[in-house]
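Working notes, beginning with the structure itself.
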Amino acid sequence: MDHSGISVLFEGTNFQRLLGGLWVTVRIAAVALIIGLILGIMLGVLRTFKNRPLRVILRLYLEFFRIVPTVVLLFLFYYILPRQMNFNLPGDQLATLVFALWVAAEMSDIVRGALISVPQHQKESGKAIGLNRYQLYRYVLIPQAISLEIPATINLATRVIKTTSLLMLISVMDVINIGQQIIEANNHSHPTGVFWVYGLIFLFYFLIDYPLSWWAKRLEKKRLERANG
């Protein structure tokens, strides 16, 4: 019997399962962002030091995570490295690790760009009053750089959330994986259910990403207005 497609969302525990999958998606993205941002800030500061070997190593780290597709990184960490290094972690933990390392790489470039964008006279003023390197970064450079890096950091967060759609490829029970299971289980009784399930998943992602994107644009607009004013 053909039922209304939208009813598949509310049969049994389907809706609760989708919300549970959404929570898995948000949790992995949030933890990865927290770890990645902390590590990325430290790496970004190190990339401004006049230590060429260190800067080359950190640059290679950045380029590795930029060039290699995220799906390849997930396969590498989930299927290949555990066998080669004889360790086994759940898929959600490995996904969090991959995303955290990716965020750290991208964040290091954001932080570096913000730090070198601080006006030179601010640095010279700090040195003139006798601040050492640590004090210069803590009291002058990092506070000045924060306003420059926040919009880019928010945009990075939206990219991470959208990229979590790849988690189903390593069997993580995220919202898309749950949605696919519901579609397959109800394909005969609800042939149009696929549109409603993926439509709801699209709505979930939109409700999370759009406010962040709007906030980033608003902050960038305010920053440019202050700079031009």
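Letters A, B, ... mark the chains of the structure tokens in the order given; residue numbers begin at 1 per chain; ligand numbers begin at 1, in order shown.
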
Could the residues of stretch 122-160 of chain A that have an atom at most 10 Å from stretch 20-41 of chain A be listed as a tab-separated table, each with its closest atom pair and the distance in Å to one decimal, counting only C-alpha atoms and ordered by chain and ascending residue number?
residue	atom	partner	partner_atom	distance
A:Ile142	CA	A:Ile41	CA	9.6
A:Thr153	CA	A:Leu37	CA	8.5
A:Leu156	CA	A:Leu33	CA	9.0
A:Ala157	CA	A:Leu33	CA	7.0
A:Thr158	CA	A:Ala29	CA	9.4
A:Arg159	CA	A:Ala29	CA	9.8
A:Val160	CA	A:Ala29	CA	6.4

Env of A:Tyr137: 12 Å cut, atoms = only C-alpha atoms, seq-sep filter 3 positions within chain, self excluded. Answer as a list in words. Ile41, Met42, Gly44, Val45, Leu46, Thr48, Phe49, Val111, Arg112, Leu115, Ile116, Val118, Gln122, Lys123, Gly126, Lys127, Leu131, Asn132, Arg133, Tyr134, Val140, Leu141, Ile142, Pro143, Gln144, Ala145 and Ile146 of chain A

Would you save the residues from that selection as a compact mmCIF listing (two decimals), in the first residue's frame, using N, CA, C and O atoms?
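Listed below is the output, again02.txt:
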# COMPACT_ATOMS: atom_id res chain seq x y z
N ILE A 41 45.55 27.52 16.64
CA ILE A 41 46.06 28.81 17.15
C ILE A 41 47.53 28.69 17.50
O ILE A 41 48.34 29.56 17.16
N MET A 42 47.88 27.59 18.17
CA MET A 42 49.28 27.40 18.53
C MET A 42 50.16 27.26 17.29
O MET A 42 51.24 27.85 17.21
N GLY A 44 49.49 28.38 14.31
CA GLY A 44 49.50 29.66 13.60
C GLY A 44 50.52 30.62 14.18
O GLY A 44 51.22 31.33 13.44
N VAL A 45 50.60 30.64 15.50
CA VAL A 45 51.61 31.49 16.16
C VAL A 45 53.01 31.02 15.80
O VAL A 45 53.90 31.82 15.47
N LEU A 46 53.23 29.71 15.82
CA LEU A 46 54.56 29.16 15.49
C LEU A 46 54.95 29.48 14.05
O LEU A 46 56.13 29.68 13.75
N THR A 48 54.57 32.14 12.52
CA THR A 48 55.06 33.52 12.39
C THR A 48 56.49 33.68 12.93
O THR A 48 57.08 34.74 12.79
N PHE A 49 57.02 32.62 13.55
CA PHE A 49 58.39 32.69 14.07
C PHE A 49 59.39 32.64 12.91
O PHE A 49 59.12 32.06 11.86
N VAL A 111 45.11 32.07 11.47
CA VAL A 111 45.78 32.78 12.57
C VAL A 111 47.03 33.47 12.07
O VAL A 111 47.29 34.64 12.40
N ARG A 112 47.82 32.76 11.27
CA ARG A 112 49.03 33.37 10.72
C ARG A 112 48.69 34.61 9.91
O ARG A 112 49.33 35.66 10.05
N LEU A 115 47.69 37.45 12.21
CA LEU A 115 48.82 38.01 12.98
C LEU A 115 49.71 38.91 12.12
O LEU A 115 50.14 39.98 12.57
N ILE A 116 49.99 38.48 10.90
CA ILE A 116 50.86 39.30 10.05
C ILE A 116 50.11 40.52 9.49
O ILE A 116 50.74 41.41 8.92
N VAL A 118 48.36 42.48 11.46
CA VAL A 118 48.36 43.52 12.50
C VAL A 118 49.33 44.63 12.07
O VAL A 118 50.46 44.34 11.67
N GLN A 122 51.84 48.75 15.64
CA GLN A 122 51.40 48.12 16.87
C GLN A 122 52.51 47.24 17.44
O GLN A 122 52.76 47.22 18.66
N LYS A 123 53.19 46.51 16.57
CA LYS A 123 54.30 45.67 17.01
C LYS A 123 55.45 46.53 17.54
O LYS A 123 56.04 46.23 18.58
N GLY A 126 54.75 47.91 20.96
CA GLY A 126 54.93 46.91 22.01
C GLY A 126 56.39 46.69 22.34
O GLY A 126 56.76 46.58 23.51
N LYS A 127 57.22 46.63 21.31
CA LYS A 127 58.65 46.45 21.54
C LYS A 127 59.25 47.67 22.23
O LYS A 127 60.18 47.56 23.05
N LEU A 131 58.19 44.99 25.82
CA LEU A 131 57.52 43.69 25.87
C LEU A 131 58.40 42.62 25.22
O LEU A 131 58.99 42.86 24.17
N ASN A 132 58.47 41.46 25.86
CA ASN A 132 59.18 40.35 25.23
C ASN A 132 58.24 39.67 24.22
O ASN A 132 57.09 40.07 24.05
N ARG A 133 58.73 38.60 23.56
CA ARG A 133 57.93 37.96 22.50
C ARG A 133 56.60 37.45 23.04
O ARG A 133 55.55 37.67 22.43
N TYR A 134 56.65 36.77 24.19
CA TYR A 134 55.42 36.22 24.77
C TYR A 134 54.42 37.33 25.08
O TYR A 134 53.23 37.23 24.77
N VAL A 140 49.34 42.26 22.54
CA VAL A 140 49.24 43.12 21.36
C VAL A 140 48.74 42.36 20.14
O VAL A 140 47.68 42.67 19.59
N LEU A 141 49.49 41.35 19.70
CA LEU A 141 49.20 40.71 18.43
C LEU A 141 47.91 39.88 18.44
O LEU A 141 47.04 40.05 17.58
N ILE A 142 47.79 38.97 19.40
CA ILE A 142 46.62 38.09 19.42
C ILE A 142 45.31 38.86 19.64
O ILE A 142 44.33 38.63 18.90
N PRO A 143 45.24 39.81 20.60
CA PRO A 143 43.99 40.58 20.73
C PRO A 143 43.64 41.35 19.45
O PRO A 143 42.46 41.45 19.09
N GLN A 144 44.65 41.89 18.76
CA GLN A 144 44.39 42.63 17.53
C GLN A 144 43.94 41.69 16.41
O GLN A 144 43.14 42.06 15.55
N ALA A 145 44.46 40.46 16.43
CA ALA A 145 44.18 39.52 15.35
C ALA A 145 42.82 38.86 15.48
O ALA A 145 42.26 38.39 14.48
N ILE A 146 42.27 38.82 16.69
CA ILE A 146 41.01 38.10 16.91
C ILE A 146 39.90 38.60 16.01
O ILE A 146 39.18 37.83 15.38

Measuring between only C-alpha atoms, which one of A:Asn187, A:Pro53, A:Arg83, A:Phe64 shows the shortest distance to A:Leu101? A:Phe64

Skip A:Glu11 itself and residues of its chain fewer than 5 positions away, then list as a PyMOL selection string all residues within 12 Å of it, counting only C-alpha atoms. chain A and resi 3-6+16-18+182-183+185-186+189-190+193+197

Quick one: pick out all helix (DSSP H, G or I) residues within chain A from a backbone DSSP run and write them as number ranges by chain. A: 5-10, 14-46, 52-67, 70-85, 91-116, 120-128, 133-170, 175-185, 193-228

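Between A:Asn177 and the candidates A:Ser165, A:Val98, A:Ile110, A:Ala152, the tightest atom-to-atom separation, counting only C-alpha atoms, involves A:Ser165.
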
Best match for closeness to A:Ser108 among A:Ile150, A:Ile161, A:Leu43, A:Leu169, counting only C-alpha atoms: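 Closest candidate: A:Leu43.
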
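For A:Val71, the list of residues within 9 Å, based on only C-alpha atoms and with local chain neighbours fewer than 5 positions off taken out, reads Leu76, Leu166, Leu167 and Leu169 of chain A.
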
Could those residues be written to a file, using N, CA and C atoms, as a PDB file, in the first residue's frame?
ATOM      1  N   LEU A  76      41.897   6.637   4.892  1.00  0.00           N
ATOM      2  CA  LEU A  76      43.248   6.366   5.364  1.00  0.00           C
ATOM      3  C   LEU A  76      43.260   6.067   6.861  1.00  0.00           C
ATOM      4  N   LEU A 166      30.225  13.161   4.864  1.00  0.00           N
ATOM      5  CA  LEU A 166      31.039  12.026   4.418  1.00  0.00           C
ATOM      6  C   LEU A 166      31.157  10.922   5.467  1.00  0.00           C
ATOM      7  N   LEU A 167      30.641  11.181   6.662  1.00  0.00           N
ATOM      8  CA  LEU A 167      30.838  10.229   7.756  1.00  0.00           C
ATOM      9  C   LEU A 167      30.213   8.874   7.483  1.00  0.00           C
ATOM     10  N   LEU A 169      30.458   7.143   5.011  1.00  0.00           N
ATOM     11  CA  LEU A 169      31.377   6.293   4.258  1.00  0.00           C
ATOM     12  C   LEU A 169      32.254   5.436   5.165  1.00  0.00           C
TER      13      LEU A 169
END

Using only C-alpha atoms for the distances, tell me which of A:Phe77, A:Gly130, A:Arg66, A:Gly199 is nearest to A:Glu106.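 Closest to A:Glu106 of all the choices is A:Arg66.
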
Between atom CA of A:Gln135 and atom CA of A:Ile57, what is the distance in Å, rounded to a tenth?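 Value for the atom CA of A:Gln135-atom CA of A:Ile57 distance: 25.4 Å.
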
Tell me, in Å to one decimal, how far atom CA of A:Val72 is from atom CA of A:Ala114. 29.6 Å
